[in-house]
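K.L.:
Input file: protein_19.txt. Contents: compact mmCIF, C-alpha atoms and all ligand atoms.
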```
# COMPACT_ATOMS: atom_id res chain seq x y z
CA MET E 1 -21.74 -76.97 59.87
CA ILE E 2 -21.23 -78.93 63.10
CA GLY E 3 -18.49 -81.57 63.30
CA LYS E 4 -15.64 -83.06 65.30
CA ASP E 5 -12.91 -82.55 62.71
CA ILE E 6 -9.98 -80.69 64.29
CA ASP E 7 -8.07 -80.66 60.98
CA GLN E 8 -10.97 -78.89 59.31
CA ALA E 9 -10.94 -76.28 62.11
CA ILE E 10 -7.19 -75.80 61.60
CA ILE E 11 -7.56 -75.25 57.85
CA LEU E 12 -10.27 -72.65 58.38
CA LEU E 13 -8.46 -70.80 61.17
CA ASN E 14 -5.21 -70.76 59.16
CA LYS E 15 -6.94 -68.96 56.32
CA GLY E 16 -8.48 -66.34 58.62
CA SER E 17 -11.99 -67.80 59.00
CA LEU E 18 -13.81 -68.12 62.29
CA VAL E 19 -14.60 -71.41 64.04
CA ALA E 20 -16.74 -71.99 67.14
CA ILE E 21 -14.74 -74.01 69.66
CA PRO E 22 -15.69 -75.99 72.76
CA THR E 23 -14.17 -75.03 76.09
CA GLU E 24 -14.93 -76.29 79.59
CA THR E 25 -16.76 -73.00 80.36
CA VAL E 26 -18.84 -72.02 77.31
CA TYR E 27 -18.35 -72.28 73.52
CA GLY E 28 -16.12 -69.60 72.02
CA LEU E 29 -16.21 -67.83 68.66
CA ALA E 30 -12.56 -68.14 67.70
CA GLY E 31 -10.26 -66.44 65.21
CA ASN E 32 -6.53 -65.80 64.77
CA ALA E 33 -5.66 -63.26 67.47
CA PHE E 34 -2.75 -61.98 65.34
CA ASP E 35 -4.97 -61.33 62.30
CA GLU E 36 -6.84 -58.02 62.58
CA ALA E 37 -9.29 -58.97 59.83
CA ALA E 38 -10.26 -62.14 61.69
CA VAL E 39 -10.61 -60.19 64.94
CA ALA E 40 -12.80 -57.58 63.22
CA GLU E 41 -14.94 -60.42 61.87
CA ILE E 42 -15.50 -61.72 65.43
CA PHE E 43 -16.91 -58.35 66.48
CA ALA E 44 -19.09 -58.22 63.36
CA VAL E 45 -20.52 -61.75 63.70
CA LYS E 46 -21.32 -61.25 67.39
CA ASN E 47 -22.62 -57.75 66.83
CA ARG E 48 -20.32 -56.81 69.68
CA PRO E 49 -19.37 -53.20 70.38
CA SER E 50 -15.68 -52.57 69.66
CA PHE E 51 -15.08 -51.19 73.18
CA ASP E 52 -15.61 -54.68 74.67
CA PRO E 53 -12.25 -56.52 74.48
CA LEU E 54 -11.66 -60.20 73.70
CA ILE E 55 -9.99 -63.00 75.69
CA VAL E 56 -6.94 -64.59 74.03
CA HIS E 57 -6.56 -68.38 74.34
CA THR E 58 -3.33 -70.39 74.26
CA SER E 59 -2.40 -74.04 74.83
CA ASP E 60 0.17 -73.63 77.61
CA TRP E 61 1.90 -71.27 80.01
CA GLU E 62 4.98 -70.86 77.87
CA ARG E 63 2.99 -69.47 74.97
CA LEU E 64 0.74 -67.47 77.27
CA SER E 65 3.60 -65.75 79.07
CA GLN E 66 5.09 -64.61 75.74
CA LEU E 67 1.99 -62.48 75.16
CA ALA E 68 2.31 -60.66 78.50
CA SER E 69 4.90 -58.72 80.48
CA ASN E 70 5.57 -57.96 84.17
CA ILE E 71 3.70 -61.03 85.38
CA PRO E 72 3.21 -60.75 89.17
CA ASP E 73 3.90 -63.63 91.57
CA ALA E 74 0.21 -64.03 92.37
CA ALA E 75 -0.47 -64.67 88.68
CA HIS E 76 2.10 -67.46 88.67
CA ILE E 77 0.52 -69.03 91.75
CA LEU E 78 -2.97 -68.85 90.27
CA ALA E 79 -1.80 -70.20 86.91
CA GLU E 80 -0.06 -73.10 88.61
CA ALA E 81 -3.28 -74.03 90.42
CA PHE E 82 -5.98 -73.27 87.84
CA MET E 83 -4.51 -73.41 84.31
CA PRO E 84 -5.66 -75.07 82.15
CA GLY E 85 -9.08 -74.21 83.58
CA PRO E 86 -11.75 -71.55 83.95
CA LEU E 87 -9.35 -68.73 84.93
CA THR E 88 -8.51 -65.66 82.83
CA LEU E 89 -5.58 -63.44 83.81
CA LEU E 90 -5.50 -59.73 82.93
CA LEU E 91 -1.86 -58.81 82.30
CA PRO E 92 0.13 -56.05 80.57
CA LYS E 93 0.19 -56.94 76.88
CA GLN E 94 3.06 -57.37 74.47
CA ASN E 95 3.01 -55.51 71.14
CA THR E 96 2.06 -58.70 69.30
CA ILE E 97 -1.46 -58.23 70.69
CA SER E 98 -3.26 -55.51 68.76
CA ASP E 99 -5.35 -52.73 70.26
CA LEU E 100 -8.33 -54.15 68.42
CA VAL E 101 -8.21 -57.27 70.63
CA THR E 102 -7.92 -55.30 73.88
CA ALA E 103 -10.14 -52.38 72.81
CA GLY E 104 -7.22 -50.02 73.30
CA SER E 105 -6.33 -51.25 76.79
CA PRO E 106 -2.66 -51.89 77.68
CA LEU E 107 -3.88 -55.10 79.38
CA VAL E 108 -4.74 -58.36 77.67
CA ALA E 109 -7.02 -61.11 79.03
CA LEU E 110 -5.33 -64.51 78.69
CA ARG E 111 -6.59 -68.00 79.31
CA ILE E 112 -5.74 -71.69 78.78
CA PRO E 113 -8.97 -73.64 78.29
CA ARG E 114 -9.21 -77.19 79.64
CA HIS E 115 -11.16 -78.88 76.83
CA PRO E 116 -9.01 -81.66 75.24
CA MET E 117 -10.15 -80.94 71.65
CA THR E 118 -9.43 -77.23 71.90
CA LEU E 119 -6.08 -77.81 73.61
CA LYS E 120 -5.12 -80.09 70.73
CA LEU E 121 -6.27 -77.46 68.26
CA LEU E 122 -4.32 -74.68 69.99
CA GLN E 123 -1.17 -76.82 70.10
CA GLN E 124 -1.28 -77.20 66.34
CA LEU E 125 -1.73 -73.52 65.51
CA ASP E 126 1.09 -70.95 65.21
CA PHE E 127 -1.08 -68.24 66.73
CA PRO E 128 -3.32 -67.80 69.78
CA LEU E 129 -7.11 -67.63 69.39
CA ALA E 130 -9.18 -64.59 70.28
CA ALA E 131 -12.55 -65.90 71.39
CA PRO E 132 -15.55 -64.34 73.10
CA SER E 133 -18.49 -66.53 74.02
CA ALA E 134 -20.19 -67.70 70.81
CA ASN E 135 -23.50 -65.91 71.28
CA PRO E 136 -24.94 -62.74 69.79
CA PHE E 137 -23.94 -59.84 72.06
CA GLY E 138 -26.09 -59.71 75.20
CA TYR E 139 -27.77 -63.10 74.72
CA ILE E 140 -27.37 -66.33 76.76
CA SER E 141 -23.94 -67.98 76.40
CA PRO E 142 -23.84 -71.32 74.54
CA THR E 143 -22.92 -74.54 76.38
CA THR E 144 -23.54 -76.96 73.49
CA ALA E 145 -22.65 -76.94 69.78
CA GLN E 146 -26.40 -76.90 69.07
CA HIS E 147 -26.80 -73.62 71.00
CA VAL E 148 -24.14 -72.09 68.74
CA GLU E 149 -25.80 -73.50 65.63
CA GLN E 150 -29.14 -71.96 66.59
CA GLN E 151 -27.64 -68.54 67.29
CA LEU E 152 -24.80 -68.12 64.79
CA GLY E 153 -25.02 -71.17 62.50
CA ASN E 154 -25.63 -69.16 59.33
CA LYS E 155 -22.73 -66.78 60.02
CA ILE E 156 -19.78 -69.13 60.60
CA PRO E 157 -18.40 -71.98 58.48
CA TYR E 158 -17.70 -74.52 61.23
CA ILE E 159 -18.65 -75.42 64.80
CA LEU E 160 -16.28 -77.85 66.48
CA ASP E 161 -18.48 -80.11 68.62
CA GLY E 162 -16.92 -81.06 71.94
CA GLY E 163 -20.16 -82.00 73.69
CA PRO E 164 -21.82 -80.11 76.55
CA CYS E 165 -19.52 -77.78 78.54
CA GLU E 166 -18.33 -79.30 81.79
CA VAL E 167 -18.31 -76.08 83.87
CA GLY E 168 -21.07 -74.12 82.12
CA LEU E 169 -20.13 -70.64 83.40
CA GLU E 170 -17.54 -68.30 81.88
CA SER E 171 -14.04 -68.09 83.30
CA THR E 172 -13.25 -66.05 86.41
CA ILE E 173 -11.34 -62.91 85.34
CA VAL E 174 -8.52 -61.90 87.68
CA GLY E 175 -6.26 -58.84 87.42
CA PHE E 176 -3.73 -56.99 89.54
CA GLU E 177 -3.68 -53.35 90.65
CA ASN E 178 -0.74 -52.09 92.75
CA ASP E 179 0.05 -55.54 94.19
CA LYS E 180 -3.60 -56.19 94.90
CA THR E 181 -5.48 -59.08 93.28
CA ILE E 182 -8.88 -58.14 91.86
CA ILE E 183 -11.69 -60.35 90.56
CA TYR E 184 -13.40 -58.53 87.68
CA ARG E 185 -15.81 -61.28 86.72
CA LYS E 186 -17.05 -64.08 88.93
CA GLY E 187 -16.94 -67.35 87.05
CA GLY E 188 -16.04 -71.02 86.99
CA ILE E 189 -13.45 -70.72 89.77
CA SER E 190 -15.00 -69.51 93.00
CA VAL E 191 -13.77 -66.50 94.95
CA GLU E 192 -13.26 -68.84 97.90
CA SER E 193 -10.89 -71.16 96.09
CA ILE E 194 -8.80 -68.19 94.94
CA GLU E 195 -8.71 -66.74 98.45
CA ASN E 196 -7.71 -70.12 99.91
CA LEU E 197 -4.63 -69.92 97.77
CA ILE E 198 -3.52 -66.28 97.91
CA GLY E 199 -5.53 -64.65 100.72
CA THR E 200 -8.22 -61.99 100.57
CA VAL E 201 -8.94 -60.48 97.17
CA GLU E 202 -11.12 -57.60 96.08
CA VAL E 203 -14.23 -58.39 94.03
CA LYS E 204 -15.30 -55.64 91.63
CA ALA E 205 -18.71 -56.68 90.41
CA HIS E 206 -20.02 -55.50 87.03
CA SER E 207 -16.75 -53.85 86.20
CA THR E 208 -15.57 -55.69 83.12
CA SER E 209 -17.40 -53.02 81.12
CA HIS E 210 -15.36 -50.27 79.55
CA PRO E 211 -15.14 -47.25 81.87
CA GLN E 212 -16.42 -45.04 79.06
CA ALA E 213 -19.56 -47.08 78.84
CA PRO E 214 -20.71 -47.42 82.43
CA GLY E 215 -23.43 -49.96 83.01
CA MET E 216 -23.73 -50.85 79.35
CA LEU E 217 -22.94 -54.47 80.00
CA LYS E 218 -25.26 -54.80 82.95
CA SER E 219 -27.94 -56.49 80.91
CA HIS E 220 -26.31 -59.64 79.63
CA TYR E 221 -26.84 -63.37 79.35
CA ALA E 222 -30.46 -62.45 78.73
CA PRO E 223 -33.19 -64.64 77.24
CA ARG E 224 -35.71 -63.05 74.85
CA VAL E 225 -38.56 -63.67 77.27
CA PRO E 226 -38.61 -61.55 80.48
CA LEU E 227 -36.84 -63.15 83.44
CA ILE E 228 -38.07 -62.20 86.89
CA LEU E 229 -36.10 -62.89 90.07
CA GLY E 230 -37.61 -63.40 93.50
CA ASN E 231 -39.55 -65.82 95.65
CA ILE E 232 -40.90 -68.43 93.24
CA GLU E 233 -44.07 -69.28 95.17
CA ALA E 234 -45.02 -65.62 95.56
CA LEU E 235 -44.29 -64.82 91.91
CA LEU E 236 -46.36 -67.80 90.69
CA GLU E 237 -49.25 -66.53 92.78
CA ILE E 238 -49.00 -63.04 91.24
CA HIS E 239 -48.76 -64.37 87.66
CA LYS E 240 -51.44 -67.04 87.89
CA GLY E 241 -52.61 -68.51 84.57
CA LYS E 242 -49.54 -67.40 82.62
CA LYS E 243 -47.25 -69.73 80.70
CA ILE E 244 -44.20 -69.72 82.96
CA GLY E 245 -40.74 -71.27 83.05
CA ILE E 246 -39.33 -71.82 86.54
CA ILE E 247 -35.64 -71.99 87.44
CA SER E 248 -35.11 -73.22 91.00
CA PHE E 249 -31.92 -74.27 92.75
CA GLN E 250 -32.95 -77.58 94.27
CA LYS E 251 -36.62 -77.44 95.19
CA THR E 252 -39.49 -78.92 93.20
CA PHE E 253 -42.49 -76.62 92.92
CA LEU E 254 -45.72 -78.55 92.58
CA THR E 255 -47.79 -76.19 90.48
CA LYS E 256 -50.59 -76.37 87.99
CA SER E 257 -49.54 -76.19 84.36
CA PRO E 258 -48.76 -74.38 82.12
CA HIS E 259 -45.51 -74.34 84.10
CA TYR E 260 -42.11 -75.54 82.88
CA PRO E 261 -39.76 -76.20 85.80
CA ILE E 262 -35.96 -76.52 85.63
CA ILE E 263 -34.23 -77.68 88.81
CA LEU E 264 -30.55 -76.73 88.63
CA SER E 265 -29.40 -79.33 91.15
CA PRO E 266 -31.79 -81.51 93.17
CA THR E 267 -28.98 -82.25 95.64
CA GLY E 268 -28.00 -78.58 96.03
CA ASN E 269 -24.62 -78.99 94.34
CA PHE E 270 -23.22 -75.70 92.99
CA THR E 271 -21.06 -77.34 90.31
CA GLU E 272 -24.04 -79.20 88.90
CA ALA E 273 -26.19 -76.07 89.08
CA ALA E 274 -23.58 -74.06 87.13
CA ARG E 275 -23.42 -76.73 84.44
CA ASN E 276 -27.20 -76.66 84.00
CA LEU E 277 -27.89 -72.92 84.17
CA PHE E 278 -27.39 -71.68 80.58
CA ALA E 279 -28.75 -74.89 79.03
CA GLY E 280 -31.89 -74.46 81.17
CA MET E 281 -32.24 -70.85 80.08
CA HIS E 282 -31.80 -71.79 76.41
CA TYR E 283 -34.41 -74.53 76.73
CA LEU E 284 -36.98 -72.29 78.43
CA ASP E 285 -36.36 -69.50 75.94
CA SER E 286 -37.29 -71.88 73.11
CA LEU E 287 -40.75 -72.58 74.53
CA ASP E 288 -42.48 -69.29 73.74
CA LEU E 289 -43.33 -68.56 77.36
CA ASP E 290 -44.85 -65.44 78.93
CA MET E 291 -41.99 -65.22 81.41
CA ILE E 292 -39.30 -67.07 83.33
CA ILE E 293 -39.33 -66.93 87.12
CA ALA E 294 -36.10 -67.71 88.97
CA GLU E 295 -34.70 -67.63 92.49
CA LEU E 296 -31.23 -66.66 93.65
CA LEU E 297 -28.88 -69.28 95.11
CA PRO E 298 -27.00 -68.94 98.40
CA GLU E 299 -24.27 -66.26 98.00
CA GLU E 300 -21.36 -68.65 98.37
CA ASN E 301 -19.05 -70.69 96.17
CA LEU E 302 -20.25 -70.87 92.54
CA GLY E 303 -23.63 -69.60 93.78
CA ARG E 304 -22.12 -66.10 93.57
CA ALA E 305 -21.25 -66.44 89.89
CA ILE E 306 -24.62 -68.05 89.10
CA ASN E 307 -26.44 -65.20 90.87
CA ASP E 308 -24.41 -62.67 88.89
CA ARG E 309 -25.65 -64.28 85.64
CA LEU E 310 -29.25 -64.46 86.89
CA ARG E 311 -29.23 -60.80 87.96
CA ARG E 312 -27.91 -59.64 84.61
CA ALA E 313 -30.35 -61.87 82.74
CA ALA E 314 -33.14 -60.17 84.68
CA VAL E 315 -32.11 -56.61 83.76
CA LYS E 316 -33.91 -55.29 80.73
CA ALA E 317 -31.73 -53.40 78.27
O1 LIG E 401 -14.91 -68.66 79.75
C1 LIG E 401 -14.67 -67.69 79.05
O2 LIG E 401 -13.98 -66.74 79.44
C2 LIG E 401 -15.25 -67.68 77.62
C3 LIG E 401 -14.58 -68.79 76.82
C4 LIG E 401 -15.02 -68.78 75.37
O3 LIG E 401 -13.20 -68.68 76.93
N1 LIG E 401 -15.08 -66.41 77.01
C5 LIG E 401 -15.81 -65.32 77.37
O4 LIG E 401 -15.57 -64.21 76.57
O5 LIG E 401 -16.60 -65.31 78.27
P1 LIG E 401 -16.53 -62.94 76.55
O6 LIG E 401 -15.96 -62.12 75.46
O7 LIG E 401 -17.93 -63.35 76.42
O8 LIG E 401 -16.26 -62.24 77.90
C6 LIG E 401 -14.98 -61.70 78.13
C7 LIG E 401 -15.00 -60.64 79.14
C8 LIG E 401 -15.69 -59.38 78.70
O9 LIG E 401 -16.57 -58.94 79.72
C9 LIG E 401 -14.58 -58.40 78.47
O10 LIG E 401 -14.99 -57.09 78.74
C10 LIG E 401 -13.50 -58.90 79.42
O11 LIG E 401 -13.64 -60.29 79.40
N2 LIG E 401 -12.17 -58.58 78.92
C11 LIG E 401 -11.52 -59.13 77.88
N3 LIG E 401 -10.34 -58.52 77.66
C12 LIG E 401 -10.22 -57.56 78.58
C13 LIG E 401 -9.26 -56.56 78.87
N4 LIG E 401 -8.15 -56.44 78.13
N5 LIG E 401 -9.50 -55.73 79.91
C14 LIG E 401 -10.64 -55.84 80.64
N6 LIG E 401 -11.60 -56.75 80.40
C15 LIG E 401 -11.42 -57.59 79.40
MG MG E 402 -19.91 -63.38 76.71
```
Mind turning this structure into structure tokens?
P.N.:
Amino acid sequence: MIGKDIDQAIILLNKGSLVAIPTETVYGLAGNAFDEAAVAEIFAVKNRPSFDPLIVHTSDWERLSQLASNIPDAAHILAEAFMPGPLTLLLPKQNTISDLVTAGSPLVALRIPRHPMTLKLLQQLDFPLAAPSANPFGYISPTTAQHVEQQLGNKIPYILDGGPCEVGLESTIVGFENDKTIIYRKGGISVESIENLIGTVEVKAHSTSHPQAPGMLKSHYAPRVPLILGNIEALLEIHKGKKIGIISFQKTFLTKSPHYPIILSPTGNFTEAARNLFAGMHYLDSLDLDMIIAELLPEENLGRAINDRLRRAAVKA
């Protein structure tokens, strides 16, 4: 069921059930992070392999810092600037966080989402929420309550509807190795805005996967229909006559139907493009197309995170 009733979400979460929650990035599939049965249920509902750990969500820094230890200065600086917001910090975990949540890692991923409904919800709970994106493992992340309903509606009792996600890309995951700051997943906060604050950081692309499962998470965010990346005009020429969805950054392609164009941002604005990406992919994937053709954005700002999602959507499992 979809609704806006925070009290209903609280009742369900308190008794160990799962609830889909809105965040500014994407919708999450949330359960009590201190309840191993609820955490196990998250993995089951998502069909997610148990080696892929979950992000833990709290309402404020005080609660967040109680779940971690040895927090470096850079983490404090980043938290000050970007929390609440699309930033996840990887920090040494306290014992209150089970190995099930972190997939056996001594580090836990922690984040304070910026959505007012979910902040209110988190403030009223006595426990943090473990929440991956609310999509079946490997599929496109949801940016509306309706996306969640279509994908997982029959498996969870309640979807808290907070409207379309404002950012539309997952959080940027940042960790620390020997005093160095590392970006493990490009996301809603650009590499540039992090570097403006704390200086040069290392970006380790594709490395949020478990070391024992190299490359397994390379294909991700993928629609059911094949997605091909390249020069749109050239690809349309090659695939003439096919029923094609087009994802372009800002340009309109005047083509003969049956073509279904999505323009991410007519003015070339990265923030707008990020907000529209997953919704565009969901829409095109509902049309029973032969393929989706997409182009990469400039490798700067949020364009880097968008390109990461497009590249992984284009890899076939
Ligand atoms: O914006 C977001 O981060 C959304 C919203 C719902 O908060 N969540 C999200 O969760 O994107 P998920 O599960 O789809 O992606 C989390 C990523 C995974 O790639 C996982 O491997 C990584 O975070 N991760 C989580 N805990 C980790 C840990 N302890 N060590 C390394 N990577 C971790
Ligand atoms: Mg995900």
K.L.:
Dump as JSON lines the rows for residues of chain E within 8 Å of ligand MG 402 (chain E): closest atom pair and distance in Å with one decimal, all atoms listed in the file counted, ordered by chain and rising residue number.
P.N.:
```
{"residue": "E:Pro132", "atom": "CA", "partner": "E:MG402", "partner_atom": "MG", "distance": 5.7}
{"residue": "E:Ser133", "atom": "CA", "partner": "E:MG402", "partner_atom": "MG", "distance": 4.4}
{"residue": "E:Ala134", "atom": "CA", "partner": "E:MG402", "partner_atom": "MG", "distance": 7.3}
{"residue": "E:Asn135", "atom": "CA", "partner": "E:MG402", "partner_atom": "MG", "distance": 7.0}
{"residue": "E:Phe137", "atom": "CA", "partner": "E:MG402", "partner_atom": "MG", "distance": 7.1}
{"residue": "E:Gly138", "atom": "CA", "partner": "E:MG402", "partner_atom": "MG", "distance": 7.3}
{"residue": "E:Ser141", "atom": "CA", "partner": "E:MG402", "partner_atom": "MG", "distance": 6.1}
{"residue": "E:Glu170", "atom": "CA", "partner": "E:MG402", "partner_atom": "MG", "distance": 7.5}
{"residue": "E:His220", "atom": "CA", "partner": "E:MG402", "partner_atom": "MG", "distance": 8.0}
{"residue": "E:Tyr221", "atom": "CA", "partner": "E:MG402", "partner_atom": "MG", "distance": 7.4}
```
K.L.:
Would you mind telling me which residue in E:Thr267, E:Asp35, E:Ile238, E:Ala9 lies nearest to Thr252 in chain E when using all atoms listed in the file?
P.N.:
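With all atoms listed in the file as the atom set, the closest residue is E:Thr267.
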K.L.:
Hey, what's within 10 Å of Leu129 in chain E if we count only C-alpha atoms and toss same-chain stuff fewer than 4 positions away? As a ChimeraX atom specification, please?
P.N.:
/E:13,18-19,21,28-35,38-39,54-59,110-111,121-122,125
K.L.:
Take every atom of ligand LIG 401 (chain E) listed in the file, pad by 5 Å on each side, and give me the axis-aligned box centre and edge lengths in Å, one decimal, as lines of an AutoDock Vina configuration file.
P.N.:
```
center_x = -13.0
center_y = -62.3
center_z = 78.0
size_x = 19.8
size_y = 23.1
size_z = 15.3
```
K.L.:
Between atom O9 of ligand LIG 401 (chain E) and CA of Asp52 in chain E, what distance in Å does the model show, to one decimal?
P.N.:
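Taking atom O9 of ligand LIG 401 (chain E) as the start and CA of Asp52 in chain E as the end point, the length is 6.7 Å.
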K.L.:
Select, from E:Ala68, E:Leu87, E:Leu100, E:Leu12, the residue with the minimum atom-to-atom distance to Phe43 in chain E, counting only C-alpha atoms.
P.N.:
E:Leu100
K.L.:
Hey, which of E:Lys256, E:Lys93, E:Lys155, E:Arg312 ends up closest to ligand LIG 401 (chain E)? Count only C-alpha atoms and all ligand atoms.
P.N.:
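Among the listed residues, E:Lys93 lies closest to ligand LIG 401 (chain E).
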K.L.:
For a quick check of understanding, using all atoms listed in the file, which of E:Ala74, E:Ile183, E:Met117, E:Ala130 has the smallest distance to Ala37 in chain E?
P.N.:
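Closest candidate: E:Ala130.
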K.L.:
Quick one: everything within 10 Å of Glu300 in chain E, counting only C-alpha atoms, minus sequence neighbours fewer than 3 positions away in the same chain. Send it as an mmCIF file with C-alpha atoms, in the frame of the given file.
P.N.:
```
data_model
loop_
_atom_site.group_PDB
_atom_site.id
_atom_site.type_symbol
_atom_site.label_atom_id
_atom_site.label_comp_id
_atom_site.auth_asym_id
_atom_site.auth_seq_id
_atom_site.Cartn_x
_atom_site.Cartn_y
_atom_site.Cartn_z
ATOM 1 C CA SER E 190 -15.000 -69.510 93.000
ATOM 2 C CA VAL E 191 -13.770 -66.500 94.950
ATOM 3 C CA GLU E 192 -13.260 -68.840 97.900
ATOM 4 C CA PHE E 270 -23.220 -75.700 92.990
ATOM 5 C CA LEU E 297 -28.880 -69.280 95.110
ATOM 6 C CA GLY E 303 -23.630 -69.600 93.780
ATOM 7 C CA ARG E 304 -22.120 -66.100 93.570
ATOM 8 C CA ALA E 305 -21.250 -66.440 89.890
ATOM 9 C CA ILE E 306 -24.620 -68.050 89.100
ATOM 10 C CA ASN E 307 -26.440 -65.200 90.870
#
```
K.L.:
Around (-7.2, -78.2, 81.2) in the file's frame, which residues reach within 7 Å when counting only C-alpha atoms? Return as a list in words?
P.N.:
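Residues satisfying the cut-off, written out: Met83, Pro84, Gly85, Pro113, Arg114 and His115 of chain E.
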K.L.:
From the list E:Thr271, E:Gly163, E:His282, E:Asp126, which residue is nearest Arg63 in chain E when using only C-alpha atoms?
P.N.:
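Closest residue, counting only C-alpha atoms: E:Asp126.
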K.L.:
Which is closer to Gly230 in chain E than all the others in E:Ile189, E:Ile194, E:Ala294, E:Ala40, using only C-alpha atoms?
P.N.:
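Looking at the shortest contact to Gly230 in chain E, the residue is E:Ala294.
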K.L.:
Take CA of Lys4 in chain E and atom N1 of ligand LIG 401 (chain E) and report the distance between them in Å, one decimal.
P.N.:
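Value for the CA of Lys4 in chain E-atom N1 of ligand LIG 401 (chain E) distance: 20.4 Å.
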K.L.:
Please measure the separation of CA of Ile246 in chain E and CA of Thr144 in chain E, giving the value in Å to one decimal.
P.N.:
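Between CA of Ile246 in chain E and CA of Thr144 in chain E the gap is 21.1 Å.
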K.L.:
Please identify all polymer residues within 10 Å of Ile198 in chain E, counting all atoms listed in the file, omitting same-chain residues fewer than 4 positions from it, and present them as a list in words.
P.N.:
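Counting all atoms listed in the file, the residues come to Ala74, Ala75, Ile77, Leu78, Thr181, Ser193 and Ile194 of chain E.
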K.L.:
For C-alpha atoms, I'd like the residues from the last selection saved as a CSV table (one decimal), keeping the file's coordinate frame.
P.N.:
```csv
chain,number,residue,atom,x,y,z
E,74,ALA,CA,0.2,-64.0,92.4
E,75,ALA,CA,-0.5,-64.7,88.7
E,77,ILE,CA,0.5,-69.0,91.8
E,78,LEU,CA,-3.0,-68.8,90.3
E,181,THR,CA,-5.5,-59.1,93.3
E,193,SER,CA,-10.9,-71.2,96.1
E,194,ILE,CA,-8.8,-68.2,94.9
```
